[in-house]
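Text of the file run.tsv, holding TSV, C-alpha atoms:
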chain	number	residue	atom	x	y	z
A	1	MET	CA	-27.68	83.96	13.91
A	2	GLY	CA	-23.94	84.34	14.54
A	3	CYS	CA	-21.71	82.67	17.09
A	4	TRP	CA	-18.81	83.71	19.21
A	5	THR	CA	-15.46	83.09	17.47
A	6	THR	CA	-14.09	80.89	20.26
A	7	SER	CA	-17.23	78.71	20.35
A	8	CYS	CA	-17.21	78.23	16.57
A	9	ASP	CA	-13.52	77.29	16.56
A	10	LEU	CA	-14.12	74.64	19.26
A	11	GLY	CA	-17.04	73.24	17.30
A	12	HIS	CA	-14.97	72.93	14.14
A	13	LEU	CA	-12.11	71.27	16.03
A	14	LYS	CA	-14.47	68.67	17.56
A	15	ALA	CA	-15.99	67.90	14.16
A	16	GLN	CA	-12.56	67.52	12.54
A	17	SER	CA	-11.42	65.28	15.40
A	18	LYS	CA	-14.42	62.95	14.92
A	19	VAL	CA	-13.79	62.77	11.17
A	20	SER	CA	-10.10	61.99	11.76
A	21	VAL	CA	-10.92	59.23	14.23
A	22	LEU	CA	-13.51	57.73	11.87
A	23	PHE	CA	-11.10	57.88	8.92
A	24	THR	CA	-8.34	56.24	10.98
A	25	MET	CA	-10.68	53.43	12.06
A	26	ILE	CA	-11.70	52.83	8.46
A	27	LEU	CA	-8.05	52.56	7.45
A	28	ILE	CA	-7.31	50.14	10.29
A	29	PHE	CA	-10.27	47.89	9.47
A	30	THR	CA	-9.41	47.95	5.77
A	31	TYR	CA	-5.80	46.97	6.52
A	32	LEU	CA	-6.84	44.16	8.85
A	33	PHE	CA	-9.37	42.83	6.33
A	34	TYR	CA	-6.89	42.58	3.46
A	35	SER	CA	-4.14	41.30	5.72
A	36	LEU	CA	-6.29	38.47	7.04
A	37	THR	CA	-7.66	37.67	3.58
A	38	GLY	CA	-4.16	37.42	2.14
A	39	TYR	CA	-3.00	35.28	5.05
A	40	CYS	CA	-5.87	32.85	4.66
A	41	ASP	CA	-5.26	32.57	0.93
A	42	SER	CA	-1.61	31.76	1.57
A	43	MET	CA	-2.47	29.01	4.04
A	44	PRO	CA	-2.75	25.41	2.70
A	45	SER	CA	-6.16	23.82	2.79
A	46	PRO	CA	-6.68	21.57	5.82
A	47	LEU	CA	-5.60	17.99	5.26
A	48	TYR	CA	-9.05	16.69	6.09
A	49	VAL	CA	-10.46	18.60	3.11
A	50	HIS	CA	-8.28	16.53	0.74
A	51	GLN	CA	-9.13	13.35	2.59
A	52	ASN	CA	-12.86	14.08	2.54
A	53	PHE	CA	-12.74	14.86	-1.17
A	54	ARG	CA	-11.06	11.54	-1.93
A	55	SER	CA	-13.44	9.70	0.40
A	56	LYS	CA	-16.36	11.10	-1.60
A	57	LEU	CA	-14.82	9.68	-4.76
A	58	PHE	CA	-14.01	6.32	-3.15
A	59	PRO	CA	-16.30	5.91	-0.11
A	60	LYS	CA	-15.48	2.23	0.36
A	61	GLU	CA	-11.76	2.78	0.19
A	62	GLY	CA	-11.48	5.15	3.18
A	63	LYS	CA	-9.43	3.97	6.15
A	64	THR	CA	-9.62	5.41	9.64
A	65	LEU	CA	-6.48	7.24	10.65
A	66	ALA	CA	-4.97	6.87	14.09
A	67	HIS	CA	-1.84	8.31	15.68
A	68	TRP	CA	0.74	5.93	17.00
A	69	ASN	CA	4.03	7.12	18.47
A	70	GLY	CA	3.83	10.30	16.45
A	71	SER	CA	3.28	8.52	13.13
A	72	ILE	CA	0.14	8.09	11.06
A	73	VAL	CA	-1.11	4.53	10.65
A	74	ARG	CA	-4.21	3.10	9.02
A	75	GLU	CA	-6.64	0.51	10.27
A	76	LEU	CA	-6.34	-2.71	8.37
A	77	PRO	CA	-8.89	-3.58	5.68
A	78	GLU	CA	-11.42	-6.32	6.28
A	79	GLN	CA	-11.66	-7.27	2.61
A	80	ASP	CA	-9.60	-9.64	0.52
A	81	ALA	CA	-7.24	-7.96	-1.88
A	82	THR	CA	-9.27	-9.53	-4.69
A	83	ASP	CA	-12.42	-7.84	-3.38
A	84	VAL	CA	-10.65	-4.50	-3.36
A	85	GLU	CA	-9.45	-5.11	-6.90
A	86	GLU	CA	-13.00	-5.76	-8.08
A	87	GLU	CA	-14.23	-2.57	-6.46
A	88	LYS	CA	-11.40	-0.71	-8.09
A	89	ARG	CA	-12.32	-1.95	-11.55
A	90	GLN	CA	-15.89	-0.84	-10.94
A	91	ARG	CA	-14.67	2.58	-9.86
A	92	GLY	CA	-12.51	3.17	-12.93
A	93	LEU	CA	-14.46	6.29	-13.84
A	94	ALA	CA	-13.83	7.81	-10.43
A	95	TYR	CA	-10.12	7.13	-10.74
A	96	ASP	CA	-10.11	8.77	-14.15
A	97	THR	CA	-11.71	11.84	-12.61
A	98	TYR	CA	-9.21	11.85	-9.79
A	99	SER	CA	-6.33	11.61	-12.26
A	100	ASN	CA	-7.10	15.14	-13.44
A	101	LEU	CA	-6.19	16.60	-10.04
A	102	SER	CA	-2.93	18.46	-9.49
A	103	VAL	CA	0.04	16.28	-8.57
A	104	SER	CA	1.48	18.73	-6.06
A	105	ASN	CA	0.36	21.06	-3.32
A	106	ASN	CA	1.60	22.41	-0.02
A	107	PHE	CA	1.32	18.96	1.56
A	108	GLY	CA	3.85	17.30	-0.73
A	109	THR	CA	3.97	15.81	-4.18
A	110	LYS	CA	2.74	12.66	-5.85
A	111	GLU	CA	5.72	10.59	-6.93
A	112	PHE	CA	6.16	7.29	-8.71
A	113	PRO	CA	6.86	4.56	-6.16
A	114	GLN	CA	10.50	4.15	-5.23
A	115	ALA	CA	9.74	0.62	-4.00
A	116	ILE	CA	7.12	-1.94	-5.00
A	117	ILE	CA	6.03	-5.15	-3.29
A	118	ILE	CA	5.68	-7.29	-6.42
A	119	GLY	CA	4.76	-10.65	-4.91
A	120	VAL	CA	3.66	-13.17	-4.06
A	121	LYS	CA	-0.04	-13.76	-3.61
A	122	LYS	CA	-0.84	-15.40	-0.24
A	123	GLY	CA	2.76	-14.90	0.81
A	124	GLY	CA	2.20	-12.18	3.41
A	125	THR	CA	2.27	-9.05	1.28
A	126	ARG	CA	-0.67	-7.38	3.03
A	127	ALA	CA	0.91	-7.89	6.46
A	128	LEU	CA	4.23	-6.49	5.23
A	129	LEU	CA	2.60	-3.40	3.75
A	130	GLU	CA	0.61	-2.68	6.90
A	131	PHE	CA	3.67	-3.16	9.11
A	132	LEU	CA	5.57	-0.73	6.86
A	133	ARG	CA	2.85	1.88	7.06
A	134	VAL	CA	3.58	2.28	10.76
A	135	HIS	CA	6.83	3.94	9.69
A	136	PRO	CA	6.45	7.73	9.45
A	137	ASP	CA	8.64	7.88	6.34
A	138	VAL	CA	6.57	5.40	4.33
A	139	ARG	CA	3.51	6.42	2.33
A	140	ALA	CA	1.71	3.65	0.50
A	141	VAL	CA	-1.38	3.06	-1.61
A	142	GLY	CA	-4.03	1.05	0.25
A	143	ALA	CA	-5.67	-0.81	-2.64
A	144	GLU	CA	-3.63	-2.75	-5.18
A	145	PRO	CA	-3.21	-0.51	-8.27
A	146	HIS	CA	-2.60	-3.37	-10.74
A	147	PHE	CA	-1.16	-0.80	-13.10
A	148	PHE	CA	1.63	-2.88	-14.64
A	149	ASP	CA	-0.59	-5.90	-15.29
A	150	ARG	CA	-4.15	-4.64	-15.87
A	151	PHE	CA	-4.33	-0.87	-16.29
A	152	TYR	CA	-1.12	-0.04	-18.12
A	153	GLU	CA	-3.01	1.53	-21.02
A	154	LYS	CA	-4.24	4.28	-18.68
A	155	GLY	CA	-0.75	5.76	-18.67
A	156	LEU	CA	1.88	6.76	-16.15
A	157	GLN	CA	0.14	10.02	-15.24
A	158	TRP	CA	-2.92	8.07	-14.12
A	159	TYR	CA	-0.69	5.76	-12.10
A	160	ARG	CA	1.15	8.61	-10.40
A	161	ASN	CA	-2.11	10.25	-9.41
A	162	LEU	CA	-3.04	7.11	-7.48
A	163	MET	CA	-0.02	7.61	-5.22
A	164	PRO	CA	-0.28	9.35	-1.85
A	165	ARG	CA	1.45	12.70	-1.40
A	166	THR	CA	4.90	12.57	0.15
A	167	LEU	CA	7.17	15.09	1.84
A	168	ASP	CA	10.95	15.30	1.58
A	169	GLY	CA	12.51	12.24	3.15
A	170	GLN	CA	9.45	10.02	2.68
A	171	ILE	CA	9.20	7.17	0.18
A	172	THR	CA	6.22	6.11	-1.91
A	173	MET	CA	5.25	2.44	-2.10
A	174	GLU	CA	2.60	0.19	-3.56
A	175	LYS	CA	1.98	-3.54	-3.59
A	176	THR	CA	0.45	-5.72	-6.28
A	177	PRO	CA	1.46	-9.39	-5.83
A	178	SER	CA	0.47	-10.43	-9.35
A	179	TYR	CA	3.30	-8.34	-10.83
A	180	PHE	CA	5.77	-11.10	-9.98
A	181	ILE	CA	4.09	-13.61	-12.30
A	182	THR	CA	3.15	-11.13	-15.06
A	183	HIS	CA	5.51	-11.47	-18.02
A	184	GLU	CA	5.03	-7.86	-19.17
A	185	ALA	CA	5.54	-6.29	-15.74
A	186	PRO	CA	9.38	-6.15	-15.56
A	187	PRO	CA	9.93	-4.11	-18.75
A	188	ARG	CA	7.06	-1.81	-17.82
A	189	VAL	CA	8.45	-1.11	-14.36
A	190	PHE	CA	11.90	-0.66	-15.88
A	191	SER	CA	10.58	1.93	-18.34
A	192	MET	CA	9.14	3.89	-15.42
A	193	SER	CA	12.33	3.76	-13.34
A	194	ARG	CA	15.28	1.43	-13.59
A	195	SER	CA	16.20	2.22	-9.96
A	196	THR	CA	12.94	0.91	-8.45
A	197	LYS	CA	13.48	-1.32	-5.42
A	198	LEU	CA	11.57	-4.60	-5.59
A	199	ILE	CA	10.33	-6.62	-2.63
A	200	VAL	CA	9.16	-10.22	-2.95
A	201	VAL	CA	7.51	-11.96	-0.02
A	202	VAL	CA	7.83	-15.71	-0.53
A	203	ARG	CA	6.39	-18.65	1.37
A	204	ASP	CA	6.63	-22.42	1.19
A	205	PRO	CA	5.00	-22.99	-2.22
A	206	VAL	CA	3.04	-26.01	-0.97
A	207	THR	CA	1.50	-24.08	1.94
A	208	ARG	CA	0.97	-21.09	-0.34
A	209	ALA	CA	-0.92	-23.22	-2.87
A	210	VAL	CA	-3.23	-24.60	-0.16
A	211	SER	CA	-3.83	-21.08	1.16
A	212	ASP	CA	-4.62	-19.87	-2.35
A	213	TYR	CA	-7.08	-22.72	-2.81
A	214	THR	CA	-8.69	-21.98	0.58
A	215	GLN	CA	-9.33	-18.37	-0.39
A	216	THR	CA	-10.93	-19.40	-3.67
A	217	LEU	CA	-13.00	-22.06	-1.93
A	218	THR	CA	-14.61	-19.51	0.40
A	219	LYS	CA	-15.89	-17.63	-2.65
A	220	SER	CA	-16.77	-20.72	-4.71
A	221	PRO	CA	-17.95	-23.46	-2.32
A	222	GLY	CA	-18.64	-25.78	-5.27
A	223	LEU	CA	-14.96	-25.83	-6.27
A	224	PRO	CA	-13.49	-29.29	-6.96
A	225	SER	CA	-11.19	-30.73	-4.31
A	226	PHE	CA	-7.57	-29.61	-4.08
A	227	GLN	CA	-6.29	-32.99	-5.26
A	228	ASN	CA	-8.57	-32.94	-8.30
A	229	LEU	CA	-7.18	-29.57	-9.34
A	230	VAL	CA	-3.51	-30.11	-8.55
A	231	PHE	CA	-3.09	-33.23	-10.72
A	232	LYS	CA	-3.50	-33.51	-14.46
A	233	ASN	CA	-3.85	-37.22	-13.87
A	234	SER	CA	-4.24	-38.56	-10.35
A	235	THR	CA	-2.98	-41.99	-11.38
A	236	THR	CA	0.34	-40.78	-12.77
A	237	GLY	CA	0.65	-37.97	-10.23
A	238	LEU	CA	1.51	-35.44	-12.94
A	239	ILE	CA	1.16	-31.92	-11.51
A	240	ASP	CA	-1.00	-29.45	-13.45
A	241	THR	CA	1.21	-26.36	-13.79
A	242	SER	CA	-1.53	-24.52	-15.67
A	243	TRP	CA	-3.43	-24.13	-12.39
A	244	SER	CA	-2.48	-20.71	-11.02
A	245	ALA	CA	-2.25	-21.98	-7.44
A	246	VAL	CA	0.59	-24.24	-8.57
A	247	ARG	CA	2.16	-21.95	-11.17
A	248	ILE	CA	2.68	-19.02	-8.78
A	249	GLY	CA	4.92	-21.17	-6.55
A	250	ILE	CA	7.52	-21.81	-9.26
A	251	TYR	CA	9.45	-18.79	-7.98
A	252	SER	CA	12.69	-19.41	-9.92
A	253	LYS	CA	10.89	-19.22	-13.26
A	254	HIS	CA	9.27	-15.88	-12.46
A	255	LEU	CA	12.46	-14.43	-11.01
A	256	GLU	CA	14.37	-15.24	-14.21
A	257	ASN	CA	12.02	-12.95	-16.08
A	258	TRP	CA	12.64	-10.06	-13.65
A	259	LEU	CA	16.41	-10.53	-13.64
A	260	ARG	CA	16.48	-9.75	-17.35
A	261	TYR	CA	15.77	-6.14	-16.41
A	262	PHE	CA	16.84	-5.61	-12.81
A	263	PRO	CA	20.01	-6.67	-10.96
A	264	LEU	CA	19.69	-8.93	-7.93
A	265	ALA	CA	20.87	-6.08	-5.69
A	266	GLN	CA	17.56	-4.27	-6.28
A	267	PHE	CA	15.55	-7.18	-4.86
A	268	LEU	CA	14.75	-8.07	-1.29
A	269	PHE	CA	13.29	-11.50	-0.64
A	270	VAL	CA	11.25	-11.57	2.55
A	271	SER	CA	10.43	-14.85	4.24
A	272	GLY	CA	6.68	-15.17	4.75
A	273	GLU	CA	7.36	-17.67	7.55
A	274	LYS	CA	9.73	-15.33	9.41
A	275	LEU	CA	7.28	-12.48	8.96
A	276	VAL	CA	5.06	-14.56	11.27
A	277	THR	CA	7.64	-15.96	13.70
A	278	ASP	CA	9.96	-12.93	13.81
A	279	PRO	CA	8.19	-9.89	12.35
A	280	ALA	CA	10.57	-7.37	13.91
A	281	GLY	CA	13.60	-9.17	12.48
A	282	GLU	CA	12.20	-9.24	8.95
A	283	MET	CA	11.03	-5.65	9.27
A	284	GLY	CA	14.56	-4.68	10.24
A	285	ARG	CA	15.84	-6.14	6.97
A	286	VAL	CA	13.13	-4.37	5.00
A	287	GLN	CA	13.81	-0.99	6.60
A	288	ASP	CA	17.55	-1.37	5.94
A	289	PHE	CA	16.87	-2.27	2.31
A	290	LEU	CA	14.70	0.82	1.89
A	291	GLY	CA	17.27	3.07	3.55
A	292	LEU	CA	14.96	3.82	6.47
A	293	LYS	CA	15.72	4.22	10.14
A	294	ARG	CA	14.68	1.14	12.13
A	295	VAL	CA	11.51	2.57	13.63
A	296	VAL	CA	9.29	-0.54	13.45
A	297	THR	CA	10.66	-2.89	16.14
A	298	ASN	CA	9.59	-5.54	18.63
A	299	LYS	CA	7.64	-3.02	20.66
A	300	HIS	CA	5.08	-2.74	17.85
A	301	PHE	CA	4.08	-6.43	17.75
A	302	TYR	CA	2.36	-9.11	19.76
A	303	PHE	CA	1.41	-12.62	18.67
A	304	ASN	CA	-2.31	-13.34	18.37
A	305	GLN	CA	-2.77	-16.99	19.34
A	306	THR	CA	-6.28	-17.14	17.89
A	307	LYS	CA	-5.34	-15.89	14.43
A	308	GLY	CA	-1.93	-17.51	14.45
A	309	PHE	CA	0.06	-14.49	13.30
A	310	PRO	CA	1.46	-11.26	14.73
A	311	CYS	CA	-0.66	-8.16	15.19
A	312	LEU	CA	0.23	-4.54	15.76
A	313	LYS	CA	-0.17	-3.38	19.34
A	314	LYS	CA	-2.93	-0.95	20.22
A	315	PRO	CA	-2.31	2.51	18.75
A	316	GLU	CA	-2.75	5.55	20.94
A	317	GLY	CA	-6.39	6.67	20.98
A	318	SER	CA	-7.66	3.24	19.94
A	319	SER	CA	-9.59	0.83	22.15
A	320	ARG	CA	-8.22	-2.34	20.58
A	321	PRO	CA	-5.11	-3.76	18.86
A	322	ARG	CA	-4.88	-3.92	15.09
A	323	CYS	CA	-4.87	-7.27	13.32
A	324	LEU	CA	-5.38	-8.23	9.73
A	325	GLY	CA	-8.98	-8.70	8.66
A	326	LYS	CA	-11.20	-11.71	9.21
A	327	SER	CA	-10.27	-13.07	5.78
A	328	LYS	CA	-6.69	-13.61	6.98
A	329	GLY	CA	-5.69	-16.72	8.89
A	330	ARG	CA	-8.49	-18.95	7.60
A	331	PRO	CA	-8.26	-22.62	8.62
A	332	HIS	CA	-7.13	-24.78	5.69
A	333	PRO	CA	-9.17	-27.75	4.50
A	334	HIS	CA	-7.76	-31.22	5.05
A	335	ILE	CA	-5.50	-32.30	2.19
A	336	PRO	CA	-4.30	-35.94	2.05
A	337	ALA	CA	-0.66	-36.25	3.10
A	338	GLU	CA	0.21	-38.14	-0.08
A	339	VAL	CA	-1.04	-35.24	-2.21
A	340	LEU	CA	1.10	-32.75	-0.28
A	341	HIS	CA	4.10	-35.08	-0.50
A	342	ARG	CA	3.83	-35.31	-4.30
A	343	LEU	CA	3.47	-31.55	-4.60
A	344	ARG	CA	6.52	-31.03	-2.40
A	345	ASP	CA	8.54	-33.38	-4.61
A	346	PHE	CA	7.44	-31.36	-7.62
A	347	TYR	CA	8.58	-28.05	-6.13
A	348	ARG	CA	11.91	-29.30	-4.70
A	349	PRO	CA	14.12	-28.69	-7.77
A	350	PHE	CA	12.54	-25.28	-8.36
A	351	ASN	CA	13.12	-24.37	-4.72
A	352	MET	CA	16.77	-25.40	-4.93
A	353	LYS	CA	17.27	-23.22	-7.99
A	354	PHE	CA	15.52	-20.32	-6.26
A	355	TYR	CA	17.84	-20.67	-3.24
A	356	GLN	CA	20.84	-20.51	-5.56
A	357	MET	CA	19.52	-17.50	-7.46
A	358	THR	CA	18.76	-15.48	-4.33
A	359	GLY	CA	21.59	-16.71	-2.10
A	360	GLN	CA	19.00	-17.55	0.60
A	361	ASP	CA	17.91	-20.93	1.93
A	362	PHE	CA	14.28	-20.59	3.01
A	363	GLY	CA	14.18	-24.08	4.52
A	364	TRP	CA	11.15	-25.37	2.70
A	365	ASP	CA	12.64	-28.84	2.06
Represent the structure from my file as structure tokens, please.
Amino acid sequence: MGCWTTSCDLGHLKAQSKVSVLFTMILIFTYLFYSLTGYCDSMPSPLYVHQNFRSKLFPKEGKTLAHWNGSIVRELPEQDATDVEEEKRQRGLAYDTYSNLSVSNNFGTKEFPQAIIIGVKKGGTRALLEFLRVHPDVRAVGAEPHFFDRFYEKGLQWYRNLMPRTLDGQITMEKTPSYFITHEAPPRVFSMSRSTKLIVVVRDPVTRAVSDYTQTLTKSPGLPSFQNLVFKNSTTGLIDTSWSAVRIGIYSKHLENWLRYFPLAQFLFVSGEKLVTDPAGEMGRVQDFLGLKRVVTNKHFYFNQTKGFPCLKKPEGSSRPRCLGKSKGRPHPHIPAEVLHRLRDFYRPFNMKFYQMTGQDFGWD
């Protein structure tokens, strides 16, 4: 059956119009699909993806992030540094796996540390590191890497992969207090970078030795008394320098080893006592030494009378202030005054030499 010419023409036009509209819609959807796919591919992965991946590798090492005055800060660990070290040794396989990851992405690059807190144990190194991490231009490793004293055979690539990612203008840091007393550490750090800045937190060696003993005592309640360990012979009063609690406090001897490789200008000696009594003042010196703007100031601190040292004020979004963990600020056992007096006499000449070497009088005598 035929049709009128005009009717047929209108039918064909309507059909062509529908096809054209359908074809146009297909083109638009295709364009939008590929455009959005390409855009998503070009976007960096969310930061929490990287954090979650690392937290799966090291579930006990994760720290809760909080914002404070526009900077990222971490909650302080509750464990002793020695406990963290033990966990780290047990997780060596996980670190080896992590070392195969790329060292750069859209969130920055992994760099060797430009500054290292090299000592001393029980001097205040954990407090200094946590105070520094308030600064938006400081990125630091949480656990102590112990690369230059225990894991050097793993290689520099392994070490670099432990570092956090940094952006332009940020500095990478780590702290391992045992580096200061490790004979092999200075040449190893020097071979990595001769321009590394070195920070040493020092404290009255007598008080430091008692603090060191106190920490060990909490883990080994059957430990002999302090006076039995500090003397080779209690009758003669000869100090046992083979005991690490005593040996660490001979600062001048350890510094001599480091000065064979690094000039004094690359060191900053932080007073552990002033870090307690005037944290903002010492932090000002540290920030100047690192070439940072003085961001961490008095407004960040308050003194905790119970613990006996300064704490960071409450970050935004947190219900409580941030203090060092329960393992910090332990009460010291009673040590006979005569024992402390003999130990102070022993350290006096070494302290005097250390004052001369550093150009600073720490007032321990």
* To do: Would you mind telling me which residue in A:Phe354, A:Arg330, A:Lys299, A:His341 lies nearest to Leu217 of chain A when using only C-alpha atoms?
  =>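 The answer is A:Arg330, which sits nearest to Leu217 of chain A.
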* To do: Name the residues in contact with segment 247-254 of chain A at a cut-off of 12 Å, using all atoms listed in the file, excluding same-chain residues fewer than 4 positions from it; report them as a PyMOL selection string.
  => chain A and resi 118-123+177-186+200-212+230+239-243+258-260+269+343-344+346-358+364
* Selection: 7 Å around Pro145 of chain A, only C-alpha atoms, excl. self and same-chain fewer than 2 positions, as a ChimeraX atom specification -> /A:143,147,176
* Quick one: pull the distance between atom CA of Lys313 of chain A and atom CA of His300 of chain A, Å, one decimal. => 5.5 Å
* **Length of the atom CA of Met283 of chain A to atom CA of Ile199 of chain A vector [Å]** => 12.0 Å
The residues within 12 Å of (11.3, -2.7, 5.9), using all atoms listed in the file and the coordinates of the file, should be reported as an mmCIF file with C-alpha atoms, keeping the file's coordinate frame; which are they?
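Saved as part-v3.cif:
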data_model
loop_
_atom_site.group_PDB
_atom_site.id
_atom_site.type_symbol
_atom_site.label_atom_id
_atom_site.label_comp_id
_atom_site.auth_asym_id
_atom_site.auth_seq_id
_atom_site.Cartn_x
_atom_site.Cartn_y
_atom_site.Cartn_z
ATOM 1 C CA ALA A 115 9.740 0.620 -4.000
ATOM 2 C CA ILE A 116 7.120 -1.940 -5.000
ATOM 3 C CA ILE A 117 6.030 -5.150 -3.290
ATOM 4 C CA THR A 125 2.270 -9.050 1.280
ATOM 5 C CA ALA A 127 0.910 -7.890 6.460
ATOM 6 C CA LEU A 128 4.230 -6.490 5.230
ATOM 7 C CA LEU A 129 2.600 -3.400 3.750
ATOM 8 C CA GLU A 130 0.610 -2.680 6.900
ATOM 9 C CA PHE A 131 3.670 -3.160 9.110
ATOM 10 C CA LEU A 132 5.570 -0.730 6.860
ATOM 11 C CA ARG A 133 2.850 1.880 7.060
ATOM 12 C CA VAL A 134 3.580 2.280 10.760
ATOM 13 C CA HIS A 135 6.830 3.940 9.690
ATOM 14 C CA ASP A 137 8.640 7.880 6.340
ATOM 15 C CA VAL A 138 6.570 5.400 4.330
ATOM 16 C CA ILE A 171 9.200 7.170 0.180
ATOM 17 C CA MET A 173 5.250 2.440 -2.100
ATOM 18 C CA LYS A 197 13.480 -1.320 -5.420
ATOM 19 C CA LEU A 198 11.570 -4.600 -5.590
ATOM 20 C CA ILE A 199 10.330 -6.620 -2.630
ATOM 21 C CA VAL A 200 9.160 -10.220 -2.950
ATOM 22 C CA VAL A 201 7.510 -11.960 -0.020
ATOM 23 C CA LEU A 268 14.750 -8.070 -1.290
ATOM 24 C CA PHE A 269 13.290 -11.500 -0.640
ATOM 25 C CA VAL A 270 11.250 -11.570 2.550
ATOM 26 C CA LEU A 275 7.280 -12.480 8.960
ATOM 27 C CA PRO A 279 8.190 -9.890 12.350
ATOM 28 C CA ALA A 280 10.570 -7.370 13.910
ATOM 29 C CA GLY A 281 13.600 -9.170 12.480
ATOM 30 C CA GLU A 282 12.200 -9.240 8.950
ATOM 31 C CA MET A 283 11.030 -5.650 9.270
ATOM 32 C CA GLY A 284 14.560 -4.680 10.240
ATOM 33 C CA ARG A 285 15.840 -6.140 6.970
ATOM 34 C CA VAL A 286 13.130 -4.370 5.000
ATOM 35 C CA GLN A 287 13.810 -0.990 6.600
ATOM 36 C CA ASP A 288 17.550 -1.370 5.940
ATOM 37 C CA PHE A 289 16.870 -2.270 2.310
ATOM 38 C CA LEU A 290 14.700 0.820 1.890
ATOM 39 C CA GLY A 291 17.270 3.070 3.550
ATOM 40 C CA LEU A 292 14.960 3.820 6.470
ATOM 41 C CA LYS A 293 15.720 4.220 10.140
ATOM 42 C CA ARG A 294 14.680 1.140 12.130
ATOM 43 C CA VAL A 295 11.510 2.570 13.630
ATOM 44 C CA VAL A 296 9.290 -0.540 13.450
ATOM 45 C CA THR A 297 10.660 -2.890 16.140
#
Would you mind listing what lies within 7 Å of Leu312 of chain A as a PDB file with C-alpha atoms, in the frame of the given file, with only C-alpha atoms counted and same-chain residues fewer than 3 positions away left out?
ATOM      1  CA  HIS A 300       5.080  -2.740  17.850  1.00  0.00           C
ATOM      2  CA  PHE A 301       4.080  -6.430  17.750  1.00  0.00           C
ATOM      3  CA  TYR A 302       2.360  -9.110  19.760  1.00  0.00           C
ATOM      4  CA  PRO A 321      -5.110  -3.760  18.860  1.00  0.00           C
ATOM      5  CA  ARG A 322      -4.880  -3.920  15.090  1.00  0.00           C
ATOM      6  CA  CYS A 323      -4.870  -7.270  13.320  1.00  0.00           C
TER       7      CYS A 323
END
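Atom pair atom CA of Gln114 of chain A / atom CA of Gly359 of chain A has a distance of 23.8 Å (rounded to one decimal).
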Given the point (-4.7, -29.1, -5.6) in the file's coordinates, find the residues that have an atom at most 8 Å from it, counting all atoms listed in the file, and give them as a JSON list (two decimals) with C-alpha atoms, in the frame of the given file.
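Wrote it out as selection.json, contents follow:
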[["chain", "number", "residue", "atom", "x", "y", "z"],
["A", 209, "ALA", "CA", -0.92, -23.22, -2.87],
["A", 210, "VAL", "CA", -3.23, -24.60, -0.16],
["A", 213, "TYR", "CA", -7.08, -22.72, -2.81],
["A", 225, "SER", "CA", -11.19, -30.73, -4.31],
["A", 226, "PHE", "CA", -7.57, -29.61, -4.08],
["A", 227, "GLN", "CA", -6.29, -32.99, -5.26],
["A", 228, "ASN", "CA", -8.57, -32.94, -8.30],
["A", 229, "LEU", "CA", -7.18, -29.57, -9.34],
["A", 230, "VAL", "CA", -3.51, -30.11, -8.55],
["A", 231, "PHE", "CA", -3.09, -33.23, -10.72],
["A", 245, "ALA", "CA", -2.25, -21.98, -7.44],
["A", 246, "VAL", "CA", 0.59, -24.24, -8.57],
["A", 339, "VAL", "CA", -1.04, -35.24, -2.21]]
* Structure fact -> Across A:Ser193, A:Asn257, A:Thr306, A:Phe148, the smallest distance to Pro331 of chain A, with all atoms listed in the file counted, is shown by A:Thr306
* Asked: Nearest to Glu111 of chain A among A:Leu340, A:Leu22, A:Ala140, A:Val189, with distances taken over only C-alpha atoms: which residue is it?
  -> A:Ala140
* To do: Give me the residues within 12 Å of Ser195 of chain A as number ranges by chain, counting only C-alpha atoms and dropping any in the same chain fewer than 4 places off.
  => A: 112-116, 189-191, 261-267
